[in-house]
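Engineer: This is start06.txt (compact mmCIF, C-alpha atoms).
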# COMPACT_ATOMS: atom_id res chain seq x y z
CA MET A 1 350.95 93.23 52.08
CA VAL A 2 352.31 92.02 55.42
CA ASP A 3 351.63 95.49 56.81
CA LEU A 4 348.02 95.30 55.69
CA LEU A 5 347.68 91.91 57.39
CA PHE A 6 349.09 93.31 60.63
CA ILE A 7 346.67 96.25 60.47
CA LEU A 8 343.68 93.95 59.88
CA VAL A 9 344.68 91.64 62.72
CA LYS A 10 345.17 94.62 65.03
CA ILE A 11 341.73 96.07 64.22
CA VAL A 12 339.97 92.72 64.70
CA VAL A 13 341.81 92.07 67.98
CA VAL A 14 340.87 95.51 69.33
CA PHE A 15 337.24 95.11 68.24
CA VAL A 16 336.89 91.65 69.83
CA ALA A 17 338.63 92.84 72.99
CA LEU A 18 336.19 95.76 73.22
CA LEU A 19 333.17 93.45 72.78
CA LEU A 20 334.53 91.06 75.42
CA SER A 21 335.17 93.87 77.90
CA VAL A 22 331.63 95.16 77.28
CA ALA A 23 330.25 91.67 78.01
CA TYR A 24 332.32 91.31 81.16
CA LEU A 25 331.53 94.82 82.34
CA THR A 26 327.88 93.71 82.62
CA TRP A 27 329.08 90.74 84.69
CA LEU A 28 331.25 93.01 86.84
CA GLU A 29 328.40 95.44 87.38
CA ARG A 30 325.97 92.75 88.51
CA LYS A 31 328.61 91.18 90.73
CA VAL A 32 329.76 94.46 92.33
CA LEU A 33 326.20 95.77 92.79
CA GLY A 34 325.28 92.42 94.32
CA HIS A 35 328.08 92.50 96.85
CA MET A 36 327.44 96.17 97.67
CA GLN A 37 323.84 95.21 98.48
CA SER A 38 324.83 92.08 100.48
CA ARG A 39 323.84 89.71 97.66
CA LEU A 40 325.97 87.29 95.69
CA GLY A 41 325.18 88.46 92.18
CA PRO A 42 325.33 85.93 89.31
CA HIS A 43 327.08 82.75 90.49
CA ARG A 44 325.36 79.77 88.84
CA VAL A 45 326.64 79.80 85.25
CA GLY A 46 330.34 78.90 85.38
CA ILE A 47 332.73 79.64 88.24
CA ASN A 48 331.52 82.79 90.01
CA GLY A 49 329.01 83.29 87.22
CA LEU A 50 331.81 84.02 84.73
CA LEU A 51 329.89 82.49 81.82
CA GLN A 52 326.78 84.57 82.59
CA PRO A 53 327.33 87.21 79.84
CA ILE A 54 327.66 84.47 77.20
CA ALA A 55 324.54 82.71 78.45
CA ASP A 56 322.68 86.03 78.39
CA GLY A 57 323.82 86.69 74.83
CA ILE A 58 322.64 83.31 73.56
CA LYS A 59 319.34 83.70 75.39
CA LEU A 60 318.73 87.14 73.90
CA PHE A 61 319.41 85.89 70.36
CA PHE A 62 316.63 83.32 70.73
CA LYS A 63 314.06 85.68 72.27
CA GLU A 64 311.08 86.77 70.25
CA ASP A 65 311.69 89.93 68.23
CA VAL A 66 308.54 91.94 68.90
CA ILE A 67 307.95 94.90 66.56
CA VAL A 68 305.06 97.11 67.61
CA THR A 69 302.48 97.55 64.84
CA ALA A 70 302.32 101.31 65.30
CA ALA A 71 306.10 101.76 65.09
CA ASP A 72 307.85 103.45 62.19
CA LYS A 73 309.66 100.35 60.89
CA VAL A 74 312.67 101.90 59.13
CA VAL A 75 313.57 104.35 61.88
CA TYR A 76 312.79 101.71 64.50
CA HIS A 77 315.51 99.44 63.09
CA LEU A 78 317.90 102.28 62.35
CA ALA A 79 318.03 103.58 65.94
CA PRO A 80 319.86 100.64 67.62
CA PHE A 81 322.15 100.44 64.57
CA ILE A 82 323.18 104.10 64.96
CA ILE A 83 323.60 103.97 68.70
CA VAL A 84 325.77 100.85 68.82
CA SER A 85 327.91 101.87 65.82
CA THR A 86 328.71 105.33 67.18
CA ALA A 87 329.58 103.86 70.58
CA LEU A 88 331.86 101.14 69.20
CA LEU A 89 333.56 103.33 66.56
CA THR A 90 334.96 105.65 69.23
CA ILE A 91 337.68 103.08 70.05
CA ALA A 92 339.41 103.90 66.72
CA VAL A 93 341.38 106.90 67.95
CA ILE A 94 342.12 105.87 71.54
CA PRO A 95 345.82 105.01 72.00
CA PHE A 96 346.41 102.15 74.42
CA GLY A 97 350.17 101.93 74.17
CA ASP A 98 353.33 103.14 72.48
CA ALA A 99 354.95 101.36 69.53
CA ILE A 100 356.05 97.76 70.15
CA LYS A 101 358.02 95.31 67.98
CA ILE A 102 356.41 92.02 66.92
CA PHE A 103 358.47 89.77 64.58
CA GLY A 104 360.61 92.76 63.65
CA HIS A 105 357.58 94.87 62.73
CA ASN A 106 356.93 98.16 64.42
CA ILE A 107 353.32 98.09 65.60
CA LEU A 108 351.64 101.23 66.89
CA LEU A 109 349.22 100.29 69.65
CA ARG A 110 346.23 102.27 68.38
CA ILE A 111 343.96 101.79 65.40
CA ALA A 112 344.33 105.24 63.91
CA ASP A 113 346.30 108.25 65.09
CA VAL A 114 344.39 111.08 63.46
CA ASN A 115 345.37 114.65 64.33
CA ILE A 116 341.76 115.55 65.22
CA GLY A 117 341.27 112.60 67.59
CA LEU A 118 339.30 114.45 70.24
CA LEU A 119 336.98 116.12 67.72
CA TYR A 120 336.32 112.70 66.15
CA ILE A 121 335.18 111.39 69.54
CA PHE A 122 332.93 114.39 70.23
CA ALA A 123 331.43 114.12 66.74
CA LEU A 124 330.55 110.47 67.29
CA SER A 125 329.13 111.02 70.76
CA SER A 126 326.91 113.80 69.32
CA LEU A 127 325.66 111.40 66.63
CA GLY A 128 324.76 108.93 69.39
CA VAL A 129 322.01 111.32 70.50
CA TYR A 130 320.25 110.67 67.18
CA GLY A 131 319.97 106.98 68.04
CA ILE A 132 318.23 107.75 71.32
CA VAL A 133 315.84 110.37 69.92
CA LEU A 134 314.90 108.21 66.93
CA ALA A 135 314.36 105.17 69.17
CA GLY A 136 312.10 107.20 71.43
CA TRP A 137 310.09 108.71 68.59
CA SER A 138 309.73 105.68 66.32
CA SER A 139 308.40 103.31 69.01
CA ASN A 140 305.12 105.26 69.08
CA ASN A 141 304.99 104.92 72.84
CA LYS A 142 304.48 107.82 75.23
CA TYR A 143 307.06 106.63 77.74
CA ALA A 144 309.61 106.08 74.99
CA LEU A 145 309.00 109.57 73.59
CA MET A 146 309.40 111.12 77.04
CA GLY A 147 312.61 109.15 77.63
CA GLY A 148 314.00 110.11 74.25
CA LEU A 149 313.27 113.81 74.73
CA ARG A 150 314.70 113.87 78.23
CA SER A 151 317.77 112.06 77.09
CA ALA A 152 318.37 114.40 74.16
CA ALA A 153 318.04 117.51 76.34
CA GLN A 154 320.27 115.98 79.01
CA MET A 155 322.96 114.84 76.61
CA VAL A 156 323.23 118.15 74.77
CA SER A 157 323.25 120.06 78.06
CA TYR A 158 326.17 118.03 79.39
CA GLU A 159 328.01 117.86 76.10
CA LEU A 160 328.80 121.57 76.35
CA PRO A 161 330.75 121.42 79.66
CA LEU A 162 332.20 118.06 78.53
CA GLY A 163 333.76 119.72 75.51
CA LEU A 164 334.80 122.89 77.35
CA SER A 165 336.48 121.01 80.20
CA THR A 166 339.00 119.50 77.77
CA ILE A 167 340.11 122.94 76.51
CA GLY A 168 342.54 123.33 79.41
CA VAL A 169 344.18 120.02 78.51
CA LEU A 170 344.43 121.05 74.86
CA MET A 171 346.07 124.35 75.80
CA GLN A 172 348.77 122.50 77.72
CA ALA A 173 349.22 119.66 75.24
CA GLU A 174 348.97 121.89 72.12
CA SER A 175 347.37 119.11 70.09
CA LEU A 176 344.04 117.41 69.46
CA SER A 177 345.73 114.07 68.76
CA LEU A 178 345.22 111.76 71.73
CA SER A 179 348.64 110.14 71.46
CA LYS A 180 350.29 113.59 71.42
CA ILE A 181 348.30 114.49 74.54
CA VAL A 182 349.69 111.40 76.29
CA GLN A 183 353.22 112.24 75.12
CA ALA A 184 352.77 115.77 76.47
CA GLN A 185 351.87 114.24 79.83
CA ALA A 186 355.11 112.23 79.76
CA ALA A 187 356.95 115.56 79.59
CA GLN A 188 354.75 117.80 81.78
CA GLY A 189 353.29 115.35 84.29
CA TRP A 190 349.75 113.98 84.33
CA PHE A 191 347.14 116.63 83.62
CA PHE A 192 344.74 115.77 86.45
CA LEU A 193 346.85 117.88 88.85
CA PRO A 194 346.92 121.19 86.93
CA GLN A 195 343.46 120.52 85.45
CA PHE A 196 341.74 119.12 88.53
CA ILE A 197 338.56 121.20 88.07
CA GLY A 198 338.53 120.25 84.41
CA PHE A 199 338.85 116.60 85.37
CA LEU A 200 335.94 116.81 87.84
CA ILE A 201 333.68 118.51 85.27
CA PHE A 202 334.68 116.01 82.60
CA PHE A 203 334.01 113.05 84.87
CA ILE A 204 330.56 114.30 85.95
CA CYS A 205 329.61 115.02 82.33
CA ALA A 206 330.94 111.64 81.22
CA VAL A 207 328.57 109.94 83.68
CA ALA A 208 325.71 112.05 82.34
CA GLU A 209 326.64 111.32 78.70
CA CYS A 210 326.50 107.58 79.38
CA ASN A 211 323.02 108.00 80.95
CA ARG A 212 324.25 106.34 84.13
CA THR A 213 323.05 106.83 87.71
CA PRO A 214 322.70 109.47 89.17
CA PHE A 215 321.89 110.88 85.70
CA ASP A 216 319.80 107.95 84.43
CA LEU A 217 316.56 109.92 84.02
CA PRO A 218 316.02 108.82 80.41
CA GLU A 219 315.38 105.28 81.62
CA ALA A 220 314.10 106.03 85.14
CA GLU A 221 312.50 102.65 85.83
CA GLY A 222 310.10 103.99 88.43
CA GLU A 223 308.31 106.45 86.15
CA LEU A 224 309.20 105.76 82.52
CA VAL A 225 309.44 101.94 82.77
CA ALA A 226 312.56 101.78 80.59
CA GLY A 227 312.57 105.08 78.70
CA PHE A 228 313.55 105.18 75.03
CA HIS A 229 314.18 101.44 74.61
CA ILE A 230 310.90 100.27 76.14
CA GLU A 231 309.55 98.73 72.90
CA TYR A 232 312.78 96.95 71.96
CA SER A 233 313.23 93.26 72.60
CA SER A 234 315.66 90.47 71.74
CA MET A 235 319.11 91.52 70.43
CA LYS A 236 317.81 95.01 69.57
CA PHE A 237 317.48 95.61 73.29
CA ALA A 238 320.92 94.09 73.80
CA LEU A 239 322.41 96.54 71.28
CA PHE A 240 321.21 99.47 73.41
CA PHE A 241 322.69 97.77 76.44
CA MET A 242 326.01 97.17 74.67
CA ALA A 243 326.13 100.80 73.56
CA GLU A 244 325.71 101.95 77.16
CA TYR A 245 328.48 99.72 78.50
CA ALA A 246 330.75 100.45 75.55
CA SER A 247 330.41 104.16 76.23
CA VAL A 248 331.23 103.58 79.91
CA ILE A 249 334.49 101.87 78.86
CA LEU A 250 335.29 104.47 76.23
CA MET A 251 334.56 107.42 78.53
CA SER A 252 336.84 105.80 81.15
CA ALA A 253 339.48 105.38 78.45
CA LEU A 254 339.08 109.03 77.48
CA ILE A 255 339.41 110.20 81.10
CA VAL A 256 342.57 108.10 81.44
CA THR A 257 344.00 109.44 78.18
CA LEU A 258 343.27 113.09 78.85
CA PHE A 259 343.95 113.37 82.56
CA PHE A 260 345.74 110.27 83.86
CA GLY A 261 348.60 109.77 81.42
CA GLY A 262 347.04 107.15 79.13
CA TRP A 263 349.44 104.22 78.73
CA LEU A 264 352.13 105.82 80.95
CA GLY A 265 352.98 104.11 84.22
CA PRO A 266 354.14 105.89 87.38
CA SER A 267 357.48 107.54 86.62
CA PHE A 268 359.37 105.72 89.41
CA ILE A 269 358.70 102.31 87.83
CA SER A 270 360.64 101.70 84.63
CA CYS A 271 359.04 99.16 82.35
CA PRO A 272 359.44 98.28 78.64
CA ALA A 273 356.94 99.40 76.01
CA TRP A 274 354.70 96.34 76.33
CA CYS A 275 353.69 97.50 79.82
CA GLY A 276 351.69 100.35 78.21
CA PRO A 277 348.49 98.40 77.51
CA ILE A 278 348.63 96.89 81.01
CA TRP A 279 348.83 100.29 82.73
CA PHE A 280 346.11 101.57 80.42
CA GLY A 281 343.87 98.57 81.16
CA VAL A 282 344.33 98.90 84.92
CA LYS A 283 343.44 102.60 84.85
CA VAL A 284 340.40 102.07 82.62
CA PHE A 285 339.26 99.29 84.95
CA ILE A 286 339.51 101.63 87.97
CA PHE A 287 337.32 104.25 86.29
CA SER A 288 334.79 101.71 85.02
CA PHE A 289 334.60 100.43 88.60
CA ILE A 290 333.91 103.98 89.84
CA PHE A 291 331.03 104.21 87.32
CA ILE A 292 329.48 101.08 88.89
CA TRP A 293 330.25 102.29 92.41
CA LEU A 294 328.37 105.54 91.68
CA ARG A 295 325.34 103.53 90.64
CA ALA A 296 325.34 101.66 93.95
CA THR A 297 325.76 104.85 95.97
CA PHE A 298 323.72 107.74 94.58
CA PRO A 299 319.97 108.28 94.24
CA ARG A 300 318.62 109.74 90.99
CA PHE A 301 318.49 113.50 90.33
CA ARG A 302 315.23 115.32 89.78
CA TYR A 303 314.95 116.57 86.20
CA ASP A 304 314.90 120.31 87.01
CA GLN A 305 317.90 119.83 89.32
CA LEU A 306 319.72 118.01 86.55
CA MET A 307 319.24 120.77 83.98
CA LYS A 308 320.01 123.53 86.50
CA PHE A 309 323.20 121.75 87.56
CA GLY A 310 324.36 121.38 83.98
CA TRP A 311 323.68 124.92 82.81
CA LYS A 312 324.09 127.00 85.97
CA VAL A 313 326.99 125.22 87.66
CA LEU A 314 329.02 123.11 85.23
CA PHE A 315 328.92 125.46 82.22
CA PRO A 316 330.10 128.64 84.07
CA LEU A 317 332.64 126.56 86.00
CA SER A 318 334.18 125.22 82.81
CA ILE A 319 334.43 128.76 81.37
CA ILE A 320 336.15 129.92 84.58
CA ASN A 321 338.50 126.92 84.31
CA ILE A 322 339.52 127.99 80.80
CA ALA A 323 340.06 131.60 81.91
CA VAL A 324 342.18 130.59 84.92
CA THR A 325 344.25 128.18 82.80
CA ALA A 326 344.81 130.89 80.19
CA VAL A 327 345.94 133.48 82.75
CA VAL A 328 348.19 131.04 84.65
CA MET A 329 349.84 129.86 81.44
CA MET A 330 350.56 133.48 80.47
CA ARG A 331 352.91 134.03 83.39
CA MET B 1 347.26 110.61 57.12
CA LEU B 2 345.02 108.97 54.52
CA LYS B 3 346.23 105.57 55.75
CA GLU B 4 344.92 106.39 59.25
CA TYR B 5 341.48 107.21 57.91
CA ALA B 6 341.53 104.01 55.85
CA GLN B 7 341.98 102.11 59.11
CA ILE B 8 338.96 103.87 60.59
CA LEU B 9 337.07 102.88 57.45
CA ILE B 10 337.99 99.20 57.98
CA LEU B 11 336.79 99.38 61.58
CA MET B 12 333.62 101.09 60.35
CA ILE B 13 332.91 98.21 57.95
CA ILE B 14 333.45 95.68 60.76
CA VAL B 15 331.21 97.60 63.20
CA PHE B 16 328.42 98.15 60.64
CA GLY B 17 328.63 94.50 59.67
CA PHE B 18 328.43 93.42 63.30
CA ALA B 19 325.42 95.64 64.04
CA GLY B 20 323.65 94.65 60.81
CA VAL B 21 324.19 90.91 61.28
CA THR B 22 323.03 91.13 64.90
CA LEU B 23 319.83 92.90 63.86
CA LEU B 24 319.24 90.35 61.07
CA LEU B 25 319.91 87.32 63.27
CA SER B 26 317.63 88.53 66.05
CA SER B 27 314.76 88.86 63.57
CA LEU B 28 315.48 85.41 62.04
CA LEU B 29 316.06 83.42 65.22
CA GLY B 30 313.57 83.24 68.03
CA GLN B 31 309.94 82.27 68.04
CA LYS B 32 307.19 84.25 66.34
CA LYS B 33 303.90 84.17 68.21
CA LYS B 34 302.12 87.38 67.45
CA SER B 35 299.03 88.63 69.23
CA ASP B 36 297.23 91.96 69.17
CA THR B 37 298.04 92.66 72.80
CA LYS B 38 301.72 91.95 72.31
CA LEU B 39 301.98 94.29 69.33
CA MET B 40 300.35 97.17 71.19
CA PRO B 41 302.52 99.99 72.63
CA TYR B 42 303.22 99.19 76.28
CA GLU B 43 301.34 101.34 78.73
CA CYS B 44 301.49 99.25 81.88
CA GLY B 45 298.88 96.75 80.67
CA ILE B 46 296.15 99.27 79.88
CA ASP B 47 295.06 99.86 76.26
CA PRO B 48 296.97 102.90 74.98
CA VAL B 49 295.01 106.14 74.91
CA GLY B 50 295.42 108.13 71.68
CA THR B 51 298.68 108.41 69.78
CA ALA B 52 302.18 109.00 71.07
CA ARG B 53 302.91 111.58 68.38
CA GLN B 54 301.96 114.38 70.69
CA ARG B 55 303.14 117.91 71.27
CA PHE B 56 305.86 118.17 73.87
CA SER B 57 307.13 120.85 76.24
CA ILE B 58 308.74 123.91 74.61
CA LYS B 59 311.54 123.58 77.19
CA PHE B 60 313.20 120.78 75.23
CA TYR B 61 313.21 122.92 72.11
CA ILE B 62 314.66 125.96 73.89
CA THR B 63 317.37 123.89 75.57
CA THR B 64 318.58 122.33 72.32
CA MET B 65 318.48 125.69 70.55
CA ILE B 66 320.63 127.32 73.25
CA PHE B 67 322.93 124.30 73.04
CA ILE B 68 323.51 124.85 69.32
CA LEU B 69 324.36 128.53 69.88
CA PHE B 70 326.86 127.86 72.65
CA ASP B 71 328.30 124.74 71.01
CA ILE B 72 329.23 126.71 67.91
CA GLU B 73 330.94 129.27 70.13
CA ALA B 74 332.73 126.45 71.95
CA LEU B 75 333.94 125.15 68.60
CA PHE B 76 336.01 128.33 68.13
CA LEU B 77 337.87 127.51 71.34
CA TYR B 78 339.47 124.30 69.97
CA PRO B 79 341.80 125.82 67.34
CA TRP B 80 342.53 128.68 69.73
CA ALA B 81 343.48 126.28 72.56
CA VAL B 82 345.89 124.30 70.36
CA ILE B 83 347.93 127.37 69.34
CA TYR B 84 347.44 129.34 72.56
CA ARG B 85 351.14 129.17 73.57
CA ARG B 86 352.18 130.65 70.23
CA LEU B 87 349.54 133.41 70.31
CA GLY B 88 350.64 134.83 73.66
CA VAL B 89 348.99 137.95 75.11
CA PHE B 90 347.17 138.60 71.82
CA GLY B 91 345.36 135.25 72.17
CA LEU B 92 344.46 135.91 75.80
CA VAL B 93 342.90 139.33 75.06
CA GLU B 94 341.09 138.19 71.90
CA MET B 95 339.53 135.17 73.57
CA GLY B 96 338.79 137.22 76.68
CA VAL B 97 336.65 139.60 74.60
CA PHE B 98 335.00 136.68 72.78
CA ILE B 99 334.09 134.84 76.00
CA LEU B 100 332.84 138.09 77.55
CA LEU B 101 330.41 138.53 74.64
CA LEU B 102 329.36 134.90 75.04
CA LEU B 103 328.77 135.44 78.75
CA VAL B 104 326.52 138.45 78.14
CA GLY B 105 324.28 136.22 76.02
CA PHE B 106 324.45 133.51 78.65
CA ILE B 107 323.38 135.88 81.44
CA TYR B 108 320.53 137.18 79.27
CA VAL B 109 319.25 133.64 78.66
CA TRP B 110 319.61 132.84 82.36
CA LYS B 111 317.66 135.98 83.42
CA LYS B 112 314.95 135.15 80.86
CA GLY B 113 314.46 131.90 82.76
CA ALA B 114 315.41 129.45 80.01
CA PHE B 115 317.01 127.11 82.53
CA GLU B 116 313.98 126.97 84.86
CA TRP B 117 312.06 123.71 84.67
CA ASP B 118 309.19 124.42 87.04
Rewrite the structure of this file - the entire thing - as structure tokens.

Structural biologist:
Amino acid sequence: MVDLLFILVKIVVVFVALLLSVAYLTWLERKVLGHMQSRLGPHRVGINGLLQPIADGIKLFFKEDVIVTAADKVVYHLAPFIIVSTALLTIAVIPFGDAIKIFGHNILLRIADVNIGLLYIFALSSLGVYGIVLAGWSSNNKYALMGGLRSAAQMVSYELPLGLSTIGVLMQAESLSLSKIVQAQAAQGWFFLPQFIGFLIFFICAVAECNRTPFDLPEAEGELVAGFHIEYSSMKFALFFMAEYASVILMSALIVTLFFGGWLGPSFISCPAWCGPIWFGVKVFIFSFIFIWLRATFPRFRYDQLMKFGWKVLFPLSIINIAVTAVVMMR
Amino acid sequence: MLKEYAQILILMIIVFGFAGVTLLLSSLLGQKKKSDTKLMPYECGIDPVGTARQRFSIKFYITTMIFILFDIEALFLYPWAVIYRRLGVFGLVEMGVFILLLLVGFIYVWKKGAFEWD
């Protein structure tokens, strides 16, 4: 009974923490982009604009919920539901620390440690494509349809190298469980050194999977207005937004787990088990920051360049990476 | 193992509940002032021409179809990768042949111009 209580508390804490980090990632993005463009960013609501995400949330709840007459009502409501659920559910298998003791209870710092962790994440991120396509189609808007189609083609094209670039890590870690992958890195050293090409491919594909600049063609403001979520208003729009920022955090968490030792700190600093979540948080923050930094730095790709890059560069490169890893490991 | 999946199920209930309640609240709260113009699909202020349920470029179809083919082949790599150390040279040769076959298909698709978007 007490165990069940601990599990429930843990799940709720993780879920709320994820929602809060999503909210504050929007604040961070506006602030960082502002300063990179010699502006201040939000600074009126609270100290340094720290209450801005909460104010935005309340505002969005009280905005008018416009549903286009020509839209397919069921699918129209289903799309944001699918996209936000698949994005938020990914947190379930990500380990953010080793076991710690609270009141004499051994608590594993992860929601679930399934032995197919990585496949679970890929399955969910594939389901996320449905949300985007359905949103684009059901709005009955030409821009939305274009955005949805582009996004689907882009996401499936980059999902292939995304999946293949992790094969090298799996070969070295000999497990699909994310916590076992981290434990393997404790023994063999962090995987970003032997798998540097794999890491680069994974990072580029992660940016593309999140539909972030320079791969943000699905919502290209200049030509498609807002892409697949053009007809969504109020909290429905906010759900799409939350899904995007949640996937930025979760992709950063996945990069950290697979290539940068997850909850492990640098080996020359010895620290008790409760340091794990801190190291993990710092590393995830660094990668989320790089996602924002990319947005401030790079112009958008052209669509034909995007597809060519995915299929003709990243896909062969990830195959070569697997082959090289296999041959090197044989010796 | 079943306990782990039960925990995912609990999270799933929380997430579905959160998304459902958010959708419900946003349709309950907020003002409702409908007008014909507001309920029209947005096309930069001009009345929409025709329907949006139009035919689209065959390129999207081809890309997703190729994706399915290669993604299924990629799926075979996961179990192989996990036990690669135990398979040894046998694993290397077997997968080498498999990837070679995959690459022949890939080169064929490339030469056919499936990745050109001009």

Engineer: Select, as number ranges by chain, those residues of chain B with any atom no more than 7 Å from chain A (distances computed using all atoms listed in the file).

Structural biologist: B: 1, 4-5, 7-8, 11-12, 15-16, 19, 22-23, 26-27, 29-32, 39-42, 52-53, 60, 63-64, 67, 71, 74, 78, 81-84, 88, 92, 115, 117

Engineer: Could you please determine the separation between atom CA of Phe76 of chain B and atom CA of Val207 of chain A in Å, to one decimal place?

Structural biologist: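 Here the two named atoms are 25.2 Å from each other.
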
Engineer: Report the distance between atom CA of Ser21 of chain A and atom CA of Gly41 of chain A in Å, rounded to one decimal place.

Structural biologist: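 If I compute the distance from atom CA of Ser21 of chain A to atom CA of Gly41 of chain A, I get 18.2 Å.
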
Engineer: Which is closer to Pro79 of chain B than all the others in A:Ile47, A:Val13, A:Ile116, A:Ile102, using all atoms listed in the file?

Structural biologist: A:Ile116

Engineer: Using all atoms listed in the file, what residues lie at most 12 Å away from (358.6, 110.5, 84.0) (file coordinates), given as an MDAnalysis selection string?

Structural biologist: chainID A and resid 182:190 261 264:271

Engineer: What is the distance, in Å and to one decimal place, between atom CA of Ala253 of chain A and atom CA of Val284 of chain A?

Structural biologist: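 Between atom CA of Ala253 of chain A and atom CA of Val284 of chain A the gap is 5.4 Å.
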
Engineer: Which one is closest to Phe241 of chain A: A:Cys275, A:Val16, A:Ile121, A:Val22? Count only C-alpha atoms.

Structural biologist: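 Checking each candidate against Phe241 of chain A, we get A:Val22 as the closest.
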
Engineer: Quick one: 6 Å padding each side, axis-aligned, all listed atoms of segment 64-73 of chain B - centre and edge lengths in Å to one decimal, as lines of an AutoDock Vina configuration file?

Structural biologist:
center_x = 324.7
center_y = 125.8
center_z = 70.6
size_x = 24.5
size_y = 18.9
size_z = 17.3
